file structure_38.cif (mmCIF, C-alpha atoms and all ligand atoms)
data_coords
#
loop_
_atom_site.label_atom_id
_atom_site.label_comp_id
_atom_site.auth_asym_id
_atom_site.auth_seq_id
_atom_site.Cartn_x
_atom_site.Cartn_y
_atom_site.Cartn_z
CA ASP A 183 -3.14 -207.59 48.26
CA GLU A 184 -1.19 -204.42 48.68
CA ASP A 185 -0.12 -204.48 45.04
CA LEU A 186 -3.69 -205.01 43.92
CA LEU A 187 -4.76 -202.24 46.19
CA LEU A 188 -2.03 -200.05 44.80
CA LYS A 189 -3.21 -200.71 41.30
CA ASN A 190 -6.77 -199.80 42.24
CA VAL A 191 -5.43 -196.85 44.08
CA SER A 192 -3.51 -195.78 41.00
CA ILE A 193 -6.62 -196.01 38.86
CA LEU A 194 -8.54 -194.07 41.46
CA GLU A 195 -5.78 -191.54 41.55
CA VAL A 196 -5.91 -191.14 37.83
CA LEU A 197 -9.60 -190.42 38.15
CA LYS A 198 -9.45 -188.20 41.17
CA SER A 199 -6.25 -186.72 42.42
CA GLU A 200 -4.23 -187.00 39.26
CA VAL A 201 -6.66 -185.72 36.65
CA GLY A 202 -8.22 -183.35 39.12
CA ALA A 203 -4.86 -182.31 40.55
CA LEU A 204 -4.68 -179.36 38.28
CA SER A 205 -7.71 -178.73 36.19
CA ASN A 206 -5.63 -176.80 33.71
CA THR A 207 -3.88 -179.82 32.20
CA SER A 208 -6.87 -182.12 32.37
CA GLU A 209 -9.19 -179.62 30.70
CA GLN A 210 -6.72 -178.96 27.93
CA TYR A 211 -6.23 -182.66 27.55
CA SER A 212 -9.80 -183.85 27.32
CA THR A 213 -11.33 -181.08 25.24
CA GLN A 214 -8.42 -180.10 23.05
CA VAL A 215 -8.81 -180.43 19.32
CA GLN A 216 -5.64 -181.05 17.40
CA PRO A 217 -4.05 -177.67 16.67
CA PRO A 218 -2.53 -177.48 13.17
CA GLY A 219 1.11 -178.51 13.13
CA THR A 220 0.88 -180.66 16.25
CA SER A 221 0.86 -184.39 16.79
CA HIS A 222 1.27 -186.96 19.53
CA HIS A 223 4.95 -187.55 20.26
CA ILE A 224 6.58 -190.32 22.25
CA PRO A 225 8.07 -188.72 25.39
CA GLN A 226 11.64 -187.51 25.05
CA THR A 227 11.78 -187.46 28.85
CA ILE A 228 10.07 -189.57 31.48
CA ILE A 229 9.77 -188.96 35.21
CA VAL A 230 10.24 -192.55 36.31
CA GLY A 231 9.70 -192.08 40.04
CA VAL A 232 9.88 -192.49 42.84
CA ARG A 233 6.41 -193.01 44.25
CA LYS A 234 5.71 -190.19 46.77
CA GLY A 235 8.91 -188.45 45.77
CA GLY A 236 7.12 -185.36 44.45
CA THR A 237 6.54 -186.59 40.89
CA ARG A 238 3.26 -184.70 40.42
CA ALA A 239 4.73 -181.44 41.68
CA LEU A 240 7.73 -181.85 39.40
CA LEU A 241 5.59 -182.58 36.33
CA GLU A 242 3.18 -179.71 36.92
CA MET A 243 6.01 -177.29 37.59
CA LEU A 244 7.78 -178.34 34.39
CA ASP A 245 4.51 -177.76 32.54
CA ILE A 246 5.06 -174.02 33.15
CA HIS A 247 7.80 -174.15 30.52
CA PRO A 248 6.54 -173.22 27.01
CA ASN A 249 8.69 -175.94 25.42
CA ILE A 250 7.25 -178.69 27.58
CA VAL A 251 3.95 -180.52 27.30
CA VAL A 252 2.92 -183.09 29.87
CA ALA A 253 0.68 -186.14 29.90
CA ALA A 254 -2.19 -185.47 32.27
CA THR A 255 -2.43 -188.94 33.77
CA GLU A 256 -0.08 -191.71 34.85
CA VAL A 257 0.21 -194.00 31.85
CA HIS A 258 1.70 -197.18 33.39
CA PHE A 259 2.87 -198.37 29.99
CA PHE A 260 6.22 -199.85 30.91
CA ASP A 261 5.30 -201.34 34.29
CA TRP A 262 1.90 -202.94 33.60
CA ASP A 263 2.04 -205.86 31.16
CA GLU A 264 -1.59 -205.42 30.12
CA ASN A 265 -0.72 -201.92 28.87
CA TYR A 266 2.67 -202.81 27.42
CA VAL A 267 1.15 -205.44 25.12
CA LYS A 268 -1.02 -202.71 23.56
CA GLY A 269 2.10 -201.43 21.85
CA ILE A 270 3.93 -198.18 21.32
CA GLU A 271 1.22 -196.56 19.16
CA TRP A 272 -1.25 -196.95 22.00
CA TYR A 273 1.29 -195.22 24.22
CA ARG A 274 1.98 -192.42 21.75
CA ASN A 275 -1.70 -191.69 21.30
CA LEU A 276 -2.07 -191.10 25.02
CA MET A 277 0.38 -188.22 24.83
CA PRO A 278 -0.89 -184.65 24.50
CA PHE A 279 -0.58 -182.79 21.20
CA SER A 280 2.73 -181.03 20.83
CA TYR A 281 4.73 -178.97 18.33
CA GLU A 282 8.04 -180.19 16.92
CA ASN A 283 10.02 -177.87 19.21
CA GLN A 284 8.33 -179.14 22.35
CA ILE A 285 9.37 -181.92 24.72
CA THR A 286 6.70 -184.38 25.82
CA ILE A 287 6.98 -185.64 29.39
CA GLU A 288 5.00 -188.30 31.19
CA LYS A 289 5.33 -189.42 34.79
CA THR A 290 4.60 -192.84 36.23
CA PRO A 291 6.20 -193.22 39.66
CA GLY A 292 5.90 -197.02 39.54
CA TYR A 293 8.54 -197.27 36.81
CA PHE A 294 11.41 -196.69 39.23
CA THR A 295 10.79 -199.91 41.16
CA SER A 296 9.53 -201.95 38.19
CA LEU A 297 11.67 -204.89 37.10
CA HIS A 298 10.83 -204.42 33.42
CA ALA A 299 10.64 -200.66 32.94
CA PRO A 300 14.38 -199.96 32.42
CA GLU A 301 14.77 -202.49 29.62
CA ARG A 302 11.47 -201.58 27.97
CA ILE A 303 12.21 -197.86 28.01
CA HIS A 304 15.67 -198.57 26.64
CA ASP A 305 14.13 -200.64 23.82
CA MET A 306 11.94 -197.66 22.92
CA ASN A 307 14.66 -195.01 23.01
CA SER A 308 18.14 -195.80 24.26
CA SER A 309 19.13 -192.10 24.37
CA ILE A 310 16.07 -190.91 26.31
CA LYS A 311 16.59 -188.52 29.24
CA LEU A 312 15.26 -189.73 32.55
CA LEU A 313 14.21 -187.77 35.60
CA ILE A 314 14.07 -189.37 39.03
CA ILE A 315 12.83 -187.40 42.01
CA LEU A 316 13.87 -188.78 45.37
CA ARG A 317 13.40 -187.71 48.95
CA ASP A 318 14.66 -188.91 52.29
CA PRO A 319 13.89 -192.67 52.21
CA THR A 320 12.35 -192.73 55.68
CA GLU A 321 10.13 -189.76 54.89
CA ARG A 322 9.14 -191.52 51.69
CA VAL A 323 8.11 -194.64 53.63
CA ILE A 324 5.93 -192.53 55.93
CA SER A 325 4.41 -190.71 52.97
CA ASP A 326 3.72 -194.05 51.25
CA TYR A 327 2.10 -195.38 54.45
CA THR A 328 -0.01 -192.21 54.75
CA GLN A 329 -1.31 -192.56 51.21
CA VAL A 330 -2.30 -196.22 51.74
CA TYR A 331 -3.81 -195.29 55.13
CA TYR A 332 -6.16 -192.74 53.58
CA ASN A 333 -7.04 -194.99 50.66
CA ARG A 334 -7.94 -197.81 53.02
CA LEU A 335 -10.08 -195.48 55.10
CA GLU A 336 -11.89 -194.35 51.97
CA ASN A 337 -12.51 -197.96 51.00
CA ARG A 338 -13.73 -198.74 54.54
CA LYS A 339 -10.85 -201.11 55.18
CA SER A 340 -9.08 -201.55 58.48
CA VAL A 341 -5.96 -199.50 59.15
CA GLN A 342 -2.90 -200.17 61.25
CA ARG A 343 -0.53 -197.88 63.12
CA PHE A 344 2.69 -197.17 61.24
CA GLU A 345 4.77 -198.71 64.02
CA ASP A 346 2.73 -201.94 63.93
CA ILE A 347 3.47 -202.44 60.25
CA VAL A 348 7.11 -201.43 60.35
CA ILE A 349 8.09 -203.46 63.42
CA LYS A 350 7.36 -207.19 63.46
CA ASN A 351 8.48 -209.37 66.37
CA GLY A 352 10.65 -206.57 67.66
CA ALA A 353 12.61 -206.18 64.40
CA LEU A 354 12.29 -203.95 61.39
CA ASN A 355 9.89 -205.50 58.85
CA THR A 356 12.16 -205.10 55.85
CA LYS A 357 9.66 -207.02 53.70
CA TYR A 358 7.23 -204.09 53.96
CA LYS A 359 6.75 -202.87 50.39
CA ALA A 360 7.11 -199.22 51.36
CA ILE A 361 10.53 -199.95 52.86
CA GLN A 362 11.61 -201.90 49.78
CA ARG A 363 10.62 -199.02 47.52
CA SER A 364 12.99 -196.76 49.47
CA LEU A 365 16.05 -198.93 48.73
CA TYR A 366 17.16 -196.50 46.06
CA ASP A 367 20.49 -198.24 45.41
CA VAL A 368 18.79 -201.56 44.67
CA HIS A 369 16.47 -200.00 42.08
CA MET A 370 19.08 -197.66 40.65
CA GLU A 371 21.34 -200.58 39.85
CA ARG A 372 18.76 -201.86 37.37
CA TRP A 373 18.53 -198.48 35.61
CA LEU A 374 22.30 -198.20 35.36
CA LYS A 375 22.41 -201.52 33.52
CA TYR A 376 20.62 -199.84 30.64
CA PHE A 377 21.39 -196.12 30.87
CA ASP A 378 24.46 -193.94 31.32
CA LEU A 379 24.52 -191.81 34.39
CA ASN A 380 24.59 -188.68 32.21
CA GLN A 381 21.16 -189.61 30.80
CA ILE A 382 19.69 -189.53 34.28
CA HIS A 383 19.01 -186.45 36.35
CA ILE A 384 18.11 -186.82 39.99
CA VAL A 385 15.85 -184.17 41.43
CA ASP A 386 16.09 -183.58 45.16
CA GLY A 387 12.48 -183.91 46.32
CA ASN A 388 13.21 -182.27 49.67
CA THR A 389 14.62 -179.21 47.90
CA LEU A 390 11.76 -179.12 45.39
CA ILE A 391 9.38 -178.61 48.33
CA LYS A 392 11.35 -175.72 49.83
CA GLN A 393 13.01 -174.10 46.80
CA PRO A 394 11.19 -175.28 43.68
CA LEU A 395 12.88 -172.83 41.30
CA LYS A 396 16.36 -174.02 42.24
CA GLU A 397 15.55 -177.62 41.30
CA LEU A 398 13.63 -176.65 38.15
CA GLN A 399 16.51 -174.59 36.81
CA LYS A 400 18.72 -177.65 37.05
CA VAL A 401 16.15 -179.64 35.09
CA GLU A 402 15.94 -176.93 32.40
CA LYS A 403 19.72 -177.22 32.01
CA PHE A 404 19.63 -181.00 31.88
CA LEU A 405 16.98 -180.86 29.15
CA ASN A 406 18.92 -178.17 27.25
CA LEU A 407 15.99 -175.81 27.46
CA PRO A 408 16.24 -172.03 27.73
CA PRO A 409 15.54 -170.90 31.31
CA LYS A 410 11.92 -169.83 31.18
CA ILE A 411 10.63 -170.80 34.62
CA LEU A 412 10.73 -167.81 36.98
CA SER A 413 10.42 -167.17 40.69
CA SER A 414 7.16 -165.33 39.91
CA ASN A 415 5.73 -168.69 38.80
CA PHE A 416 5.57 -169.77 42.45
CA TYR A 417 3.88 -168.48 45.55
CA PHE A 418 3.78 -169.97 49.00
CA ASN A 419 0.29 -170.93 50.16
CA GLN A 420 0.18 -170.67 53.96
CA THR A 421 -2.91 -172.85 54.30
CA LYS A 422 -1.50 -175.67 52.21
CA GLY A 423 2.00 -175.22 53.58
CA PHE A 424 3.47 -175.74 50.09
CA TYR A 425 4.36 -173.74 47.04
CA CYS A 426 1.65 -173.42 44.41
CA ILE A 427 1.91 -172.48 40.75
CA ARG A 428 1.16 -169.20 39.00
CA SER A 429 1.20 -169.52 35.24
CA ASP A 430 -0.87 -168.30 32.26
CA GLY A 431 -2.64 -165.89 34.60
CA ARG A 432 -3.89 -168.72 36.81
CA GLU A 433 -3.00 -169.82 40.31
CA ARG A 434 -3.19 -173.47 41.24
CA CYS A 435 -2.13 -175.76 44.06
CA LEU A 436 -1.75 -179.51 43.90
CA HIS A 437 -4.65 -181.73 44.95
CA GLU A 438 -5.32 -182.09 48.68
CA SER A 439 -3.86 -185.62 48.58
CA LYS A 440 -0.46 -184.01 47.98
CA GLY A 441 1.13 -182.66 51.13
CA ARG A 442 -0.95 -184.51 53.71
CA PRO A 443 0.08 -184.38 57.36
CA HIS A 444 2.15 -187.41 58.37
CA PRO A 445 1.71 -189.33 61.63
CA VAL A 446 4.15 -188.62 64.44
CA VAL A 447 6.37 -191.70 64.49
CA ASN A 448 7.98 -193.22 67.56
CA ARG A 449 11.58 -191.98 67.89
CA THR A 450 13.11 -195.46 68.28
CA VAL A 451 11.32 -196.71 65.17
CA LEU A 452 12.54 -193.68 63.26
CA GLU A 453 16.11 -194.35 64.35
CA GLN A 454 15.79 -197.98 63.24
CA LEU A 455 14.67 -196.85 59.81
CA TYR A 456 17.42 -194.25 59.54
CA SER A 457 20.08 -196.78 60.39
CA TYR A 458 18.63 -199.39 58.04
CA PHE A 459 18.74 -196.99 55.11
CA ARG A 460 22.14 -195.47 55.94
CA GLU A 461 24.22 -198.11 54.18
CA HIS A 462 21.88 -198.16 51.18
CA ASN A 463 22.05 -194.37 50.92
CA ARG A 464 25.85 -194.37 50.99
CA ASN A 465 25.85 -197.00 48.30
CA PHE A 466 23.42 -194.91 46.25
CA TYR A 467 25.52 -191.73 46.59
CA LYS A 468 28.51 -193.64 45.22
CA MET A 469 26.51 -195.01 42.32
CA VAL A 470 25.26 -191.63 41.19
CA ASN A 471 28.28 -189.55 42.20
CA GLN A 472 26.14 -187.22 44.19
CA SER A 473 25.10 -186.97 47.80
CA PHE A 474 21.96 -185.86 49.56
CA ASP A 475 21.35 -184.84 53.14
CA TRP A 476 19.12 -187.75 54.01
CA HIS A 477 19.21 -189.14 57.58
N1 LIG A 501 4.32 -177.93 45.83
C1 LIG A 501 3.90 -179.08 46.36
N2 LIG A 501 2.63 -179.23 46.75
C2 LIG A 501 2.22 -180.42 47.31
N3 LIG A 501 3.02 -181.49 47.49
C3 LIG A 501 4.30 -181.38 47.10
C4 LIG A 501 4.79 -180.18 46.52
N4 LIG A 501 6.11 -180.35 46.24
C5 LIG A 501 6.42 -181.59 46.61
N5 LIG A 501 5.34 -182.22 47.13
C6 LIG A 501 5.37 -183.57 47.68
O1 LIG A 501 4.86 -184.49 46.73
C7 LIG A 501 4.54 -185.66 47.48
C8 LIG A 501 3.69 -186.58 46.63
O2 LIG A 501 4.56 -187.19 45.70
P1 LIG A 501 4.06 -187.79 44.33
O3 LIG A 501 3.31 -186.78 43.57
O4 LIG A 501 5.25 -188.36 43.69
O5 LIG A 501 3.07 -188.93 44.83
S1 LIG A 501 2.50 -190.14 43.94
O6 LIG A 501 3.50 -191.19 43.97
O7 LIG A 501 2.20 -189.65 42.60
O8 LIG A 501 1.29 -190.56 44.66
C9 LIG A 501 3.85 -185.12 48.70
O9 LIG A 501 4.02 -186.06 49.75
P2 LIG A 501 3.19 -185.97 51.12
O10 LIG A 501 3.68 -184.74 51.81
O11 LIG A 501 3.51 -187.20 51.87
O12 LIG A 501 1.74 -185.88 50.75
C10 LIG A 501 4.55 -183.79 48.94
O13 LIG A 501 5.42 -183.79 50.03
#
call {"tool": "encode", "arguments": {"input": "structure_38.cif", "output": "structure tokens"}}
result
Amino acid sequence: DEDLLLKNVSILEVLKSEVGALSNTSEQYSTQVQPPGTSHHIPQTIIVGVRKGGTRALLEMLDIHPNIVVAATEVHFFDWDENYVKGIEWYRNLMPFSYENQITIEKTPGYFTSLHAPERIHDMNSSIKLLIILRDPTERVISDYTQVYYNRLENRKSVQRFEDIVIKNGALNTKYKAIQRSLYDVHMERWLKYFDLNQIHIVDGNTLIKQPLKELQKVEKFLNLPPKILSSNFYFNQTKGFYCIRSDGRERCLHESKGRPHPVVNRTVLEQLYSYFREHNRNFYKMVNQSFDWH
């Protein structure tokens, strides 16, 4: 049920928050005629996740770069069988027009936790560069819950308190999908079966919120692009409480579904989540040779 809901939610998102997130990309995308010398290219880089990690912010911020073009919507090619069977040409045609010197990027957060995505992406291009944006796993669970909460409200479905989902019979409900999606080591292991660590760059989602330029400069380096994203491309919007983008003479913030207030969670429940993830986090740090200041 939750997966079905998620799928519907994703489609809804494509229609609402994702396409509408930044009118700039969607307008360009839907009305653009093919400029001479451009064509649809298969992405040389994919943001594969994680859901609620900050994938939309990362994609839109990378779109500032003149050598980057981004797909406006989540494509779900590698994680949804009904799309994958349509073949690579179907996928390529969904990409925006780009020049030879530009990198095409798409983001589908569901790839990170998909069982098939690593192998399928590897089959398409074994030397592709992958971006994964991660944030504190507990925060990610709460963000995931918050998204489903609002979607259920919109669809007039019943909602539950966070604590009532996360704790079952006095113990942590580790079967809860949102918790499973935060087991970064478990998912990462699948990616490392197909890709070298040096093909994968991990973006710190917590840092992207507070110091976007710092994280974007690392991505520019990873993609071998000249540093073109500047501090003047960002301004802090007090009302939203997040950085917004200034580019091509326009100012834009992400859709209101990005950066929603989270519920205040019971301290004991928080501690249970922190301690559950601790071992997984340590394992993940070892796997990727990098550590993060998660709880
Ligand atoms: N600049 C800026 N503006 C708004 N939001 C920002 C920004 N940078 C990062 N974020 C964080 O992005 C979180 C949503 O992540 P995703 O875009 O990956 O979500 S989704 O999986 O595509 O639904 C979203 O999570 P929530 O805070 O839970 O809404 C934000 O914390």
call {"tool": "residues_near_ligand", "arguments": {"input": "structure_38.cif", "ligand": "ligand LIG 501 (chain A)", "cutoff": "7 Å", "atoms": "all atoms listed in the file", "output": "PDB file with C-alpha atoms, in the frame of the given file"}}
result
ATOM      1  CA  GLY A 231       9.700-192.080  40.040  1.00  0.00           C
ATOM      2  CA  VAL A 232       9.880-192.490  42.840  1.00  0.00           C
ATOM      3  CA  ARG A 233       6.410-193.010  44.250  1.00  0.00           C
ATOM      4  CA  LYS A 234       5.710-190.190  46.770  1.00  0.00           C
ATOM      5  CA  GLY A 235       8.910-188.450  45.770  1.00  0.00           C
ATOM      6  CA  GLY A 236       7.120-185.360  44.450  1.00  0.00           C
ATOM      7  CA  THR A 237       6.540-186.590  40.890  1.00  0.00           C
ATOM      8  CA  ARG A 238       3.260-184.700  40.420  1.00  0.00           C
ATOM      9  CA  ALA A 239       4.730-181.440  41.680  1.00  0.00           C
ATOM     10  CA  PRO A 291       6.200-193.220  39.660  1.00  0.00           C
ATOM     11  CA  SER A 325       4.410-190.710  52.970  1.00  0.00           C
ATOM     12  CA  ASP A 326       3.720-194.050  51.250  1.00  0.00           C
ATOM     13  CA  THR A 328      -0.010-192.210  54.750  1.00  0.00           C
ATOM     14  CA  GLY A 387      12.480-183.910  46.320  1.00  0.00           C
ATOM     15  CA  LEU A 390      11.760-179.120  45.390  1.00  0.00           C
ATOM     16  CA  ILE A 391       9.380-178.610  48.330  1.00  0.00           C
ATOM     17  CA  PHE A 424       3.470-175.740  50.090  1.00  0.00           C
ATOM     18  CA  TYR A 425       4.360-173.740  47.040  1.00  0.00           C
ATOM     19  CA  CYS A 426       1.650-173.420  44.410  1.00  0.00           C
ATOM     20  CA  CYS A 435      -2.130-175.760  44.060  1.00  0.00           C
ATOM     21  CA  LEU A 436      -1.750-179.510  43.900  1.00  0.00           C
ATOM     22  CA  SER A 439      -3.860-185.620  48.580  1.00  0.00           C
ATOM     23  CA  LYS A 440      -0.460-184.010  47.980  1.00  0.00           C
ATOM     24  CA  GLY A 441       1.130-182.660  51.130  1.00  0.00           C
ATOM     25  CA  ARG A 442      -0.950-184.510  53.710  1.00  0.00           C
ATOM     26  CA  PRO A 443       0.080-184.380  57.360  1.00  0.00           C
ATOM     27  CA  HIS A 444       2.150-187.410  58.370  1.00  0.00           C
TER      28      HIS A 444
END
call {"tool": "residues_around", "arguments": {"input": "structure_38.cif", "residues": "Phe404 in chain A", "least_positions_apart": "2", "cutoff": "12 Å", "atoms": "all atoms listed in the file", "output": "compact mmCIF listing (two decimals) with C-alpha atoms, in the coordinates of the input"}}
result
# COMPACT_ATOMS: atom_id res chain seq x y z
CA THR A 227 11.78 -187.46 28.85
CA ILE A 310 16.07 -190.91 26.31
CA LYS A 311 16.59 -188.52 29.24
CA LEU A 312 15.26 -189.73 32.55
CA LEU A 313 14.21 -187.77 35.60
CA ASN A 380 24.59 -188.68 32.21
CA GLN A 381 21.16 -189.61 30.80
CA ILE A 382 19.69 -189.53 34.28
CA HIS A 383 19.01 -186.45 36.35
CA ILE A 384 18.11 -186.82 39.99
CA VAL A 385 15.85 -184.17 41.43
CA GLU A 397 15.55 -177.62 41.30
CA LEU A 398 13.63 -176.65 38.15
CA GLN A 399 16.51 -174.59 36.81
CA LYS A 400 18.72 -177.65 37.05
CA VAL A 401 16.15 -179.64 35.09
CA GLU A 402 15.94 -176.93 32.40
CA ASN A 406 18.92 -178.17 27.25
CA LEU A 407 15.99 -175.81 27.46
CA PRO A 408 16.24 -172.03 27.73
CA PRO A 409 15.54 -170.90 31.31
call {"tool": "atom_distance", "arguments": {"input": "structure_38.cif", "atom1": "CA of Lys396 in chain A", "atom2": "CA of Ile315 in chain A"}}
result
13.8 Å
call {"tool": "closest_atom_pairs", "arguments": {"input": "structure_38.cif", "of": "range 214-287 of chain A", "to": "range 294-307 of chain A", "cutoff": "9 Å", "atoms": "all atoms listed in the file", "output": "Markdown table"}}
result
| residue | atom | partner | partner_atom | distance |
| --- | --- | --- | --- | --- |
| A:Gln226 | CA | A:Asn307 | CA | 8.3 |
| A:Ile229 | CA | A:Phe294 | CA | 8.9 |
| A:Val230 | CA | A:Phe294 | CA | 5.2 |
| A:Gly231 | CA | A:Phe294 | CA | 5.0 |
| A:Val232 | CA | A:Phe294 | CA | 5.7 |
| A:Arg233 | CA | A:Phe294 | CA | 8.0 |
| A:Phe259 | CA | A:Ala299 | CA | 8.6 |
| A:Phe260 | CA | A:Ala299 | CA | 4.9 |
| A:Asp261 | CA | A:Ala299 | CA | 5.5 |
| A:Trp262 | CA | A:Ser296 | CA | 9.0 |
| A:Tyr266 | CA | A:Arg302 | CA | 8.9 |
| A:Ile270 | CA | A:Met306 | CA | 8.2 |
call {"tool": "closest_residue", "arguments": {"input": "structure_38.cif", "among": "A:Lys350, A:His247, A:Arg428, A:Arg338", "to": "Leu405 in chain A", "atoms": "all atoms listed in the file"}}
result
A:His247
call {"tool": "closest_residue", "arguments": {"input": "structure_38.cif", "among": "A:Tyr273, A:Ala254, A:Thr450, A:Asp245", "to": "His222 in chain A", "atoms": "all atoms listed in the file"}}
result
A:Tyr273
call {"tool": "residues_around", "arguments": {"input": "structure_38.cif", "residues": "range 249-252 of chain A", "least_positions_apart": "2", "cutoff": "12 Å", "atoms": "only C-alpha atoms", "output": "number ranges by chain"}}
result
A: 204, 206-208, 210-211, 220-229, 238, 240-247, 254-257, 276-290, 401-402, 405-411
call {"tool": "closest_residue", "arguments": {"input": "structure_38.cif", "among": "A:Asn448, A:Gln420, A:Ser414, A:Thr320", "to": "Tyr366 in chain A", "atoms": "only C-alpha atoms"}}
result
A:Thr320
call {"tool": "atom_distance", "arguments": {"input": "structure_38.cif", "atom1": "CA of Lys468 in chain A", "atom2": "CA of Tyr293 in chain A"}}
result
22.0 Å
call {"tool": "atom_distance", "arguments": {"input": "structure_38.cif", "atom1": "CA of Met370 in chain A", "atom2": "CA of Glu321 in chain A"}}
result
18.6 Å
call {"tool": "closest_residue", "arguments": {"input": "structure_38.cif", "among": "A:Pro248, A:Gly219, A:Gly431, A:Pro394", "to": "Phe416 in chain A", "atoms": "all atoms listed in the file"}}
result
A:Pro394
call {"tool": "closest_residue", "arguments": {"input": "structure_38.cif", "among": "A:Leu335, A:Leu316, A:Val470, A:Leu354", "to": "Phe377 in chain A", "atoms": "only C-alpha atoms"}}
result
A:Val470
call {"tool": "closest_residue", "arguments": {"input": "structure_38.cif", "among": "A:Asn265, A:Ser473, A:Arg432, A:Val447", "to": "Tyr327 in chain A", "atoms": "all atoms listed in the file"}}
result
A:Val447
